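Working notes, beginning with the structure itself.
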Amino acid sequence: MASSYGKILKDGLLVENPIFRQVLGICSALAVTNLVTNTLFMSFGVTFTTALTSFTISLLRNYIPVRIRMIVQVIIIAAYVMMIDILIKAVAPDVHRFIGPYVGLIITNCIIMGRAEAFASQNKPLPSLVDGLANGLGYSVVLIAIAVVREVMGFGTILGVALPARDLWWTQWTIMVMPPGAFFMFAIMTWIARARLVKQEAS
Amino acid sequence: MTPLADMSLLSSFLLIFVSAAFTDNILLARFLGMCSCLGVSKKVDTSIGLGTAVIFVTACTAALNYLVYRYLLVPLGLDYLRLITFIVVIAAFTQFVEMVIERVSEKLYNALGIFLPLITVNCAILGISLFMLNKPYSFLQAFSFGLGGGFGWFLAITLIGAIRERINEATLPRGLEGPGITLIIIGIMALGFIGFSGMIKI
């Protein structure tokens, strides 16, 4: 049993990484990655929501009528997102001012709905929880990687702390913190990830 | 008083429309609706179909959500319920519209109806309703914000669809096919749209 949990984790994090492999949930991925702090809060929100939504839907999977399952799922997701929204507002009001609308948009993040449909509606609660967690973490890893590159290049800082002697040698790439930077960065990451997958499949 | 109240109705309506469509393009500057954009933008005619459906739904749901928020949630002190309320309004509205056009016109249903279920989970729709709350809009202004946002999305996805149709004929590195090259196209378009920024400040 332990190995199967390990497999679910590995699938979510690497093999079937939601962002590269399935290209899901990238709206918020692009918007919040200009600062690492914002990204950490967003990642926490998505991971929490994905894990608990999968768990809840799996618990209820035999009681939800098939015809209205979409709306039931959306309401379950919305309930968790509401909790996260209130939590972030209380803990970090400054961060919330910027990422507030995007936290609300976790509801329409396709990863959550996708996992609920593909995995949680056919599996037992505990594996579903692990699956949700793994996919949430897979999303978080990619997001944080993008955010680190964008914040370092755009502002010369990490988590708001300036690189040593930044003013002497660093020229800020303002474009990296603007929308096009997000698209280019994300395209490059997808390219690298997919090129490696192609190689693996060929060998 | 709202800061826009002294402007004449028509000019504020137009200004909000243009700023929502161009300077603050929902897809290129706010990153919303990316999932369905990457999925659907392979051809121009499907892009136009989905785009039209999005314009219609954003404009109507922005207006509906404005009314619900202003006259139901705020007076009752239920501000924190806005997320769940908005998504239910949007889901119910798309479902309702789908049912209506299925009865009324088969042609319209084939053109737009198949896109409606996709729209419920399109973040651009929910996004417009949420961003609307950050600004002190009146009812008509909220409507024009929704209309402009939807139009901006329509414009972006149609352009992307047209470029992708041509790119499909070129050979690309294997890893770059599909989402990779589309993201680069969108990035270059976003650079272009930055040119609009600063044109209008609201």
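A note on labels: chains of the structure tokens are A, B, ... as shown, every chain counts residues from 1, and ligands are counted from 1 in their shown order.
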
Inset, instruction - Give me every alpha helix (DSSP H) residue in stretch 9-173 of chain B, going by DSSP on the backbone, as a PyMOL selection string. - result: chain B and resi 9-18+34-40+44-68+74-76+82-104+106-112+116-120+123-132+139-167

With a distance threshold of 8 Å and counting only C-alpha atoms, extract the residues of chain B near chain A and express them as a PDB file with N, CA and C atoms, in the first residue's frame.
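Below is the file that was written, result36.pdb:
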```pdb
ATOM      1  N   LEU B  28      -4.218  39.008 -21.897  1.00  0.00           N
ATOM      2  CA  LEU B  28      -2.803  39.308 -22.073  1.00  0.00           C
ATOM      3  C   LEU B  28      -2.195  40.046 -20.891  1.00  0.00           C
ATOM      4  N   ALA B  29      -3.005  40.771 -20.129  1.00  0.00           N
ATOM      5  CA  ALA B  29      -2.444  41.495 -18.998  1.00  0.00           C
ATOM      6  C   ALA B  29      -2.841  40.878 -17.667  1.00  0.00           C
ATOM      7  N   ARG B  30      -4.010  40.236 -17.622  1.00  0.00           N
ATOM      8  CA  ARG B  30      -4.463  39.651 -16.351  1.00  0.00           C
ATOM      9  C   ARG B  30      -4.370  38.133 -16.363  1.00  0.00           C
ATOM     10  N   PHE B  31      -3.986  37.557 -17.477  1.00  0.00           N
ATOM     11  CA  PHE B  31      -3.737  36.105 -17.591  1.00  0.00           C
ATOM     12  C   PHE B  31      -4.975  35.247 -17.380  1.00  0.00           C
ATOM     13  N   LEU B  32      -6.160  35.764 -17.605  1.00  0.00           N
ATOM     14  CA  LEU B  32      -7.326  34.933 -17.299  1.00  0.00           C
ATOM     15  C   LEU B  32      -7.856  34.247 -18.548  1.00  0.00           C
ATOM     16  N   GLY B  33      -8.418  33.077 -18.349  1.00  0.00           N
ATOM     17  CA  GLY B  33      -8.969  32.318 -19.459  1.00  0.00           C
ATOM     18  C   GLY B  33      -7.909  31.642 -20.295  1.00  0.00           C
ATOM     19  N   MET B  34      -6.743  31.388 -19.684  1.00  0.00           N
ATOM     20  CA  MET B  34      -5.658  30.768 -20.438  1.00  0.00           C
ATOM     21  C   MET B  34      -5.953  29.314 -20.803  1.00  0.00           C
ATOM     22  N   CYS B  35      -6.560  28.585 -19.866  1.00  0.00           N
ATOM     23  CA  CYS B  35      -6.729  27.145 -20.103  1.00  0.00           C
ATOM     24  C   CYS B  35      -7.567  26.922 -21.349  1.00  0.00           C
ATOM     25  N   TYR B  80     -18.345  38.043   2.543  1.00  0.00           N
ATOM     26  CA  TYR B  80     -17.436  36.899   2.424  1.00  0.00           C
ATOM     27  C   TYR B  80     -18.030  35.747   1.613  1.00  0.00           C
ATOM     28  N   LEU B  81     -19.316  35.802   1.342  1.00  0.00           N
ATOM     29  CA  LEU B  81     -19.928  34.736   0.533  1.00  0.00           C
ATOM     30  C   LEU B  81     -19.846  35.013  -0.966  1.00  0.00           C
ATOM     31  N   LEU B  83     -17.614  34.757  -3.331  1.00  0.00           N
ATOM     32  CA  LEU B  83     -17.050  33.788  -4.277  1.00  0.00           C
ATOM     33  C   LEU B  83     -18.075  32.733  -4.646  1.00  0.00           C
ATOM     34  N   ILE B  84     -18.673  32.152  -3.625  1.00  0.00           N
ATOM     35  CA  ILE B  84     -19.604  31.056  -3.857  1.00  0.00           C
ATOM     36  C   ILE B  84     -20.852  31.571  -4.585  1.00  0.00           C
ATOM     37  N   ILE B  87     -20.025  32.220  -8.409  1.00  0.00           N
ATOM     38  CA  ILE B  87     -19.853  31.021  -9.245  1.00  0.00           C
ATOM     39  C   ILE B  87     -21.200  30.339  -9.460  1.00  0.00           C
ATOM     40  N   VAL B  88     -22.064  30.406  -8.455  1.00  0.00           N
ATOM     41  CA  VAL B  88     -23.391  29.810  -8.628  1.00  0.00           C
ATOM     42  C   VAL B  88     -24.201  30.614  -9.652  1.00  0.00           C
ATOM     43  N   ALA B  91     -22.782  29.701 -13.091  1.00  0.00           N
ATOM     44  CA  ALA B  91     -23.153  28.350 -13.515  1.00  0.00           C
ATOM     45  C   ALA B  91     -24.626  28.296 -13.889  1.00  0.00           C
ATOM     46  N   VAL B 121     -16.267  27.063 -16.293  1.00  0.00           N
ATOM     47  CA  VAL B 121     -14.971  26.981 -15.624  1.00  0.00           C
ATOM     48  C   VAL B 121     -13.934  27.870 -16.302  1.00  0.00           C
ATOM     49  N   ASN B 122     -14.378  28.837 -17.093  1.00  0.00           N
ATOM     50  CA  ASN B 122     -13.438  29.785 -17.685  1.00  0.00           C
ATOM     51  C   ASN B 122     -13.194  30.898 -16.667  1.00  0.00           C
ATOM     52  N   CYS B 123     -11.931  31.048 -16.262  1.00  0.00           N
ATOM     53  CA  CYS B 123     -11.689  31.987 -15.162  1.00  0.00           C
ATOM     54  C   CYS B 123     -11.904  33.431 -15.591  1.00  0.00           C
ATOM     55  N   LEU B 126     -15.397  34.611 -14.123  1.00  0.00           N
ATOM     56  CA  LEU B 126     -15.371  34.882 -12.686  1.00  0.00           C
ATOM     57  C   LEU B 126     -14.419  36.028 -12.396  1.00  0.00           C
ATOM     58  N   GLY B 127     -13.302  36.066 -13.135  1.00  0.00           N
ATOM     59  CA  GLY B 127     -12.314  37.110 -12.918  1.00  0.00           C
ATOM     60  C   GLY B 127     -12.892  38.491 -13.127  1.00  0.00           C
ATOM     61  N   LEU B 130     -14.925  39.553 -10.296  1.00  0.00           N
ATOM     62  CA  LEU B 130     -14.151  39.867  -9.085  1.00  0.00           C
ATOM     63  C   LEU B 130     -13.393  41.179  -9.220  1.00  0.00           C
ATOM     64  N   PHE B 131     -12.790  41.414 -10.396  1.00  0.00           N
ATOM     65  CA  PHE B 131     -12.049  42.660 -10.589  1.00  0.00           C
ATOM     66  C   PHE B 131     -12.974  43.871 -10.557  1.00  0.00           C
ATOM     67  N   ARG B 174      10.320  19.318 -31.258  1.00  0.00           N
ATOM     68  CA  ARG B 174       9.247  18.511 -30.684  1.00  0.00           C
ATOM     69  C   ARG B 174       8.698  19.078 -29.374  1.00  0.00           C
ATOM     70  N   GLY B 175       9.614  19.518 -28.502  1.00  0.00           N
ATOM     71  CA  GLY B 175       9.173  19.977 -27.185  1.00  0.00           C
ATOM     72  C   GLY B 175       8.368  21.254 -27.237  1.00  0.00           C
ATOM     73  N   LEU B 176       8.528  22.005 -28.318  1.00  0.00           N
ATOM     74  CA  LEU B 176       7.910  23.317 -28.383  1.00  0.00           C
ATOM     75  C   LEU B 176       6.510  23.276 -28.973  1.00  0.00           C
ATOM     76  N   PRO B 179       1.462  23.754 -26.528  1.00  0.00           N
ATOM     77  CA  PRO B 179       1.414  24.862 -25.570  1.00  0.00           C
ATOM     78  C   PRO B 179       2.645  25.746 -25.620  1.00  0.00           C
ATOM     79  N   GLY B 180       3.837  25.161 -25.836  1.00  0.00           N
ATOM     80  CA  GLY B 180       5.058  25.961 -25.807  1.00  0.00           C
ATOM     81  C   GLY B 180       5.019  27.122 -26.777  1.00  0.00           C
ATOM     82  N   ILE B 181       4.787  26.813 -28.045  1.00  0.00           N
ATOM     83  CA  ILE B 181       4.818  27.870 -29.062  1.00  0.00           C
ATOM     84  C   ILE B 181       3.646  28.831 -28.871  1.00  0.00           C
ATOM     85  N   LEU B 183       2.372  29.774 -26.069  1.00  0.00           N
ATOM     86  CA  LEU B 183       2.725  30.712 -25.002  1.00  0.00           C
ATOM     87  C   LEU B 183       3.663  31.788 -25.526  1.00  0.00           C
ATOM     88  N   ILE B 184       4.584  31.402 -26.416  1.00  0.00           N
ATOM     89  CA  ILE B 184       5.499  32.414 -26.968  1.00  0.00           C
ATOM     90  C   ILE B 184       4.721  33.414 -27.819  1.00  0.00           C
ATOM     91  N   ILE B 186       1.614  34.249 -27.439  1.00  0.00           N
ATOM     92  CA  ILE B 186       0.865  35.109 -26.523  1.00  0.00           C
ATOM     93  C   ILE B 186       1.804  36.122 -25.882  1.00  0.00           C
ATOM     94  N   GLY B 187       3.023  35.684 -25.567  1.00  0.00           N
ATOM     95  CA  GLY B 187       3.993  36.601 -24.973  1.00  0.00           C
ATOM     96  C   GLY B 187       4.286  37.773 -25.892  1.00  0.00           C
ATOM     97  N   ILE B 188       4.496  37.471 -27.173  1.00  0.00           N
ATOM     98  CA  ILE B 188       4.796  38.551 -28.127  1.00  0.00           C
ATOM     99  C   ILE B 188       3.589  39.474 -28.271  1.00  0.00           C
ATOM    100  N   ALA B 190       1.400  40.030 -25.968  1.00  0.00           N
ATOM    101  CA  ALA B 190       1.313  40.815 -24.740  1.00  0.00           C
ATOM    102  C   ALA B 190       2.262  42.003 -24.806  1.00  0.00           C
ATOM    103  N   LEU B 191       3.454  41.781 -25.384  1.00  0.00           N
ATOM    104  CA  LEU B 191       4.389  42.894 -25.579  1.00  0.00           C
ATOM    105  C   LEU B 191       3.734  43.989 -26.403  1.00  0.00           C
TER     106      LEU B 191
END
```

Legend entry - Residues within 12 Å of B:Leu14, only C-alpha atoms, excluding chain neighbours under 2 positions, as a PyMOL selection string: chain B and resi 7-12+16-22+140-145+147-148+200+202

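With only C-alpha atoms as the atoms that count, the residue of B:Phe115, B:Val40, B:Glu177, B:Asn25 with the shortest distance to B:Ala162 is B:Val40.
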